[in-house]
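Asks: First the structure, then my questions, so here it is.
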Amino acid sequence: MRRAMSALLAAVATALLLAGCADGGGLDGDLVDDWAALPTPGPFTPAAGVCQAADFADVVTLAAYAPVDCAMPHRVETVHVGTFPAERPAPPPGGSAELRGAFADCDTRATGYVGADWRAGRLRLAVAVPSVPGWTASARWYRCDLTEVSTVEAAATVVVRTGSLRDALRGPSPLRLGCQQARSGGGSVRTLLPVDCATRHDAEFVGVWRAPDRPYPTRPADWAPLYAGCRSVLGRYVGVPDDAELRFRSGVVVRPPGAGRWRVGDRGVRCYLRLDDRTMTGSLRGAGPAALPVRTR
């Protein structure tokens, strides 16, 4: 009986072994030869349309890269990722033609991303590049990062925000610059404080003038083109002639980027009208000559 049972078990094992050698429904018995080849490792490249909880850094390493959904609290939003020429041996230094070109691209991309010139809002644009080890590993990207700030005046602080900046300036927005109250000292405007246009005020943001590629203004004569450019912006905004009488209609406040930002290619000058003889309520956008008459004294 025991011998018969052993023979039966041997027959069953043989049948199972033969069945394993037959058609396996597409399996050929080789467990590895049908796997797809692993992709070739490439350099780290950050993503666009994501945010960072950490503060902006102009050099980004893989170890420090920690993107979050923009619905989460964050300080930085990446609006675009571009590419430097592959042949450059090291990251471009500040002031180089390559970095100015990257900033110009980021400037255009950021404006398209938020729906208007990003300088019309409480926003700061900056360009981040790979670290030297990343560049050695063939990383050639540049990252266009936008940050909300508490003010576009001096001593700005970064705002921790939730929600994306995409289309943030396409319509009315608390981010937009508008009516202002000037604080003067020493014969010049020291600070502009945002106020509701329904309250009395003496200044208003009128737009951005793009300065030509020239050295940063340091002498009084260097500032003359900036004032002339902002007067033209003011004239278009209010709807008054850009002529010799414009300077007798309103004062103008110019706010160029800092010297460091100028060096990397930022040429956008924020322009404000300033009434030094009266205050007003409401906006002067499109108000025309009657709302901004020529002052005779």
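Numbering starts fresh at 1 for the residues of each chain in the structure tokens, the chains themselves are lettered A, B, ... in the order given, and ligands are numbered from 1 as they appear.
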Compile the contact shell of Phe84 of chain A as a list in words: residues with an atom at most 8 Å away, counting only C-alpha atoms, same-chain residues fewer than 2 positions apart removed.

Replies: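 Listing them by chain and then by number gives Gly82, Ala86, Arg88, Glu98, Ala102, Arg140, Trp141 and Tyr142 of chain A.
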
Asks: Applying 6 Å and only C-alpha atoms, which residues near segment 200-208 of chain A remain after dropping the ones on its own chain fewer than 2 positions away? List them as a list of chain:residue names.

Replies: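 Listed by chain and then number, they are A:Gly178, A:Cys179, A:Gln180, A:Gln181, A:Leu234, A:Tyr237, A:Val269, A:Arg270, A:Cys271, A:Tyr272, A:Leu273, A:Arg274, A:Leu275, A:Thr279, A:Met280, A:Thr281.
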
Asks: Could you please take those selected residues and save C-alpha atoms as an mmCIF file, in the first residue's frame?

Replies:
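So the final result, stored in out-v3.cif, reads:
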```
data_model
loop_
_atom_site.group_PDB
_atom_site.id
_atom_site.type_symbol
_atom_site.label_atom_id
_atom_site.label_comp_id
_atom_site.auth_asym_id
_atom_site.auth_seq_id
_atom_site.Cartn_x
_atom_site.Cartn_y
_atom_site.Cartn_z
ATOM 1 C CA GLY A 178 -2.818 101.216 -5.964
ATOM 2 C CA CYS A 179 -3.397 104.349 -3.942
ATOM 3 C CA GLN A 180 -0.669 105.406 -1.524
ATOM 4 C CA GLN A 181 0.051 107.886 1.240
ATOM 5 C CA LEU A 234 1.987 108.840 -15.531
ATOM 6 C CA TYR A 237 -2.220 106.365 -16.904
ATOM 7 C CA VAL A 269 11.102 100.987 -12.449
ATOM 8 C CA ARG A 270 7.904 101.380 -10.431
ATOM 9 C CA CYS A 271 6.310 104.802 -11.005
ATOM 10 C CA TYR A 272 3.940 106.779 -8.772
ATOM 11 C CA LEU A 273 2.183 110.125 -9.162
ATOM 12 C CA ARG A 274 2.469 112.428 -6.163
ATOM 13 C CA LEU A 275 0.326 115.441 -5.302
ATOM 14 C CA THR A 279 -5.048 115.137 -1.342
ATOM 15 C CA MET A 280 -7.702 113.215 -3.232
ATOM 16 C CA THR A 281 -10.116 110.322 -2.980
#
```

Asks: If DSSP is run on the backbone, what residues of segment 42-216 of chain A are alpha helix (DSSP H)? A reply as a VMD selection string would be ideal.

Replies: chain A and resid 97 to 114 132 to 136

Asks: Looking at A:Pro220, A:Cys197, A:Asp242, A:Trp209, which one is nearest to Gly282 of chain A, with distances taken over only C-alpha atoms?

Replies: A:Cys197

Asks: Suppose you want the space between atom CA of Glu77 of chain A and atom CA of Gly134 of chain A; what is it in Å?

Replies: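 These atoms are spaced 21.2 Å apart.
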
Asks: Using only C-alpha atoms, determine which residues lie at most 8 Å from Val60 of chain A, disregarding the query and same-chain residues fewer than 2 positions distant; provide the list as number ranges by chain.

Replies: A: 57-58, 62, 64-65, 128-131

Asks: Create the file for the chosen residues now, containing all heavy atoms and written as a PDB file, in the first residue's frame.

Replies:
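Output (result19.pdb):
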```pdb
ATOM      1  N   ALA A  57      16.478  80.674  -2.318  1.00  0.00           N
ATOM      2  CA  ALA A  57      17.935  80.553  -2.339  1.00  0.00           C
ATOM      3  C   ALA A  57      18.383  80.658  -3.783  1.00  0.00           C
ATOM      4  O   ALA A  57      17.781  80.041  -4.668  1.00  0.00           O
ATOM      5  CB  ALA A  57      18.386  79.224  -1.733  1.00  0.00           C
ATOM      6  N   ASP A  58      19.425  81.452  -4.038  1.00  0.00           N
ATOM      7  CA  ASP A  58      19.836  81.638  -5.433  1.00  0.00           C
ATOM      8  C   ASP A  58      20.607  80.458  -5.992  1.00  0.00           C
ATOM      9  O   ASP A  58      20.794  80.355  -7.200  1.00  0.00           O
ATOM     10  CB  ASP A  58      20.640  82.933  -5.593  1.00  0.00           C
ATOM     11  CG  ASP A  58      21.846  82.996  -4.675  1.00  0.00           C
ATOM     12  OD1 ASP A  58      22.085  82.033  -3.924  1.00  0.00           O
ATOM     13  OD2 ASP A  58      22.546  84.025  -4.706  1.00  0.00           O
ATOM     14  N   LEU A  62      20.085  69.453  -4.774  1.00  0.00           N
ATOM     15  CA  LEU A  62      19.088  68.382  -4.726  1.00  0.00           C
ATOM     16  C   LEU A  62      18.656  68.124  -3.287  1.00  0.00           C
ATOM     17  O   LEU A  62      17.474  67.910  -3.009  1.00  0.00           O
ATOM     18  CB  LEU A  62      19.656  67.108  -5.355  1.00  0.00           C
ATOM     19  CG  LEU A  62      18.772  65.859  -5.304  1.00  0.00           C
ATOM     20  CD1 LEU A  62      17.435  66.111  -5.989  1.00  0.00           C
ATOM     21  CD2 LEU A  62      19.485  64.665  -5.948  1.00  0.00           C
ATOM     22  N   ALA A  64      18.378  70.174  -0.878  1.00  0.00           N
ATOM     23  CA  ALA A  64      17.508  71.233  -0.346  1.00  0.00           C
ATOM     24  C   ALA A  64      16.196  71.352  -1.107  1.00  0.00           C
ATOM     25  O   ALA A  64      15.337  72.163  -0.740  1.00  0.00           O
ATOM     26  CB  ALA A  64      18.249  72.572  -0.389  1.00  0.00           C
ATOM     27  N   TYR A  65      16.018  70.567  -2.150  1.00  0.00           N
ATOM     28  CA  TYR A  65      14.821  70.687  -2.988  1.00  0.00           C
ATOM     29  C   TYR A  65      13.680  69.912  -2.349  1.00  0.00           C
ATOM     30  O   TYR A  65      13.729  68.683  -2.228  1.00  0.00           O
ATOM     31  CB  TYR A  65      15.114  70.147  -4.387  1.00  0.00           C
ATOM     32  CG  TYR A  65      13.955  70.290  -5.350  1.00  0.00           C
ATOM     33  CD1 TYR A  65      13.460  71.539  -5.690  1.00  0.00           C
ATOM     34  CD2 TYR A  65      13.360  69.170  -5.932  1.00  0.00           C
ATOM     35  CE1 TYR A  65      12.402  71.686  -6.581  1.00  0.00           C
ATOM     36  CE2 TYR A  65      12.310  69.297  -6.823  1.00  0.00           C
ATOM     37  CZ  TYR A  65      11.844  70.565  -7.140  1.00  0.00           C
ATOM     38  OH  TYR A  65      10.800  70.708  -8.024  1.00  0.00           O
ATOM     39  N   ALA A 128      17.076  81.324  -9.653  1.00  0.00           N
ATOM     40  CA  ALA A 128      17.917  80.361  -8.949  1.00  0.00           C
ATOM     41  C   ALA A 128      18.636  79.473  -9.965  1.00  0.00           C
ATOM     42  O   ALA A 128      18.100  79.189 -11.042  1.00  0.00           O
ATOM     43  CB  ALA A 128      17.079  79.503  -8.005  1.00  0.00           C
ATOM     44  N   VAL A 129      19.845  79.036  -9.617  1.00  0.00           N
ATOM     45  CA  VAL A 129      20.661  78.209 -10.520  1.00  0.00           C
ATOM     46  C   VAL A 129      21.161  76.981  -9.770  1.00  0.00           C
ATOM     47  O   VAL A 129      21.108  76.925  -8.538  1.00  0.00           O
ATOM     48  CB  VAL A 129      21.848  79.016 -11.085  1.00  0.00           C
ATOM     49  CG1 VAL A 129      21.350  80.208 -11.893  1.00  0.00           C
ATOM     50  CG2 VAL A 129      22.777  79.478  -9.969  1.00  0.00           C
ATOM     51  N   PRO A 130      21.674  75.978 -10.486  1.00  0.00           N
ATOM     52  CA  PRO A 130      22.205  74.785  -9.814  1.00  0.00           C
ATOM     53  C   PRO A 130      23.485  75.092  -9.036  1.00  0.00           C
ATOM     54  O   PRO A 130      24.179  76.081  -9.295  1.00  0.00           O
ATOM     55  CB  PRO A 130      22.489  73.823 -10.980  1.00  0.00           C
ATOM     56  CG  PRO A 130      21.805  74.397 -12.169  1.00  0.00           C
ATOM     57  CD  PRO A 130      21.716  75.859 -11.947  1.00  0.00           C
ATOM     58  N   SER A 131      23.815  74.220  -8.104  1.00  0.00           N
ATOM     59  CA  SER A 131      25.085  74.303  -7.398  1.00  0.00           C
ATOM     60  C   SER A 131      26.216  73.882  -8.341  1.00  0.00           C
ATOM     61  O   SER A 131      25.977  73.319  -9.421  1.00  0.00           O
ATOM     62  CB  SER A 131      25.071  73.379  -6.180  1.00  0.00           C
ATOM     63  OG  SER A 131      24.912  72.026  -6.603  1.00  0.00           O
TER      64      SER A 131
END
```

Asks: Quick check, in Å to one decimal: how far apart do atom CA of Ala224 of chain A and atom CA of Val152 of chain A lie?

Replies: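 A separation of 21.9 Å between them.
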
Asks: From the options A:Asp266, A:Asp222, A:Asp243, A:Asp196, which residue's atoms come nearest to Arg100 of chain A, counting only C-alpha atoms?

Replies: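 Answer, going by the shortest atom-to-atom distance: A:Asp266.
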
Asks: Which distance in Å separates atom CA of Val240 of chain A and atom CA of Leu177 of chain A, to one decimal?

Replies: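 Taking atom CA of Val240 of chain A as the start and atom CA of Leu177 of chain A as the end point, the length is 21.0 Å.
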
Asks: May I have the residues within 12 Å of Ala137 of chain A as a list in words, using only C-alpha atoms and disregarding those fewer than 5 positions away in the same chain?

Replies: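 Counting only the stated atoms, we get Pro41, Gly42, Pro43, Phe44, Thr45, Thr61, Leu62, Ala86, Pro89, Ala90, Pro91, Pro130, Ser131 and Val132 of chain A.
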
Asks: I'd like to know which residues of segment 49-239 of chain A are strand (DSSP E or B) (by DSSP, run on the backbone); could you write them as a PyMOL selection string?

Replies: chain A and resi 51-52+59-60+67-68+74+76-83+121+123-130+141-149+158+161+176+179-185+188-194+201+203-210

Asks: Given the choices A:Ala104, A:Val233, A:Leu192, A:Val294, which gets closest to Trp262 of chain A if the distance is worked out from only C-alpha atoms?

Replies: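 Checking each of A:Ala104, A:Val233, A:Leu192, A:Val294 against Trp262 of chain A, counting only C-alpha atoms, the winner is A:Ala104.
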
Asks: Could you check the closest approach to Glu148 of chain A for each of A:Ala287, A:Leu175, A:Ala182, A:Val127 and tell me which residue wins, using only C-alpha atoms?

Replies: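 Selected residue with least distance to Glu148 of chain A: A:Leu175.
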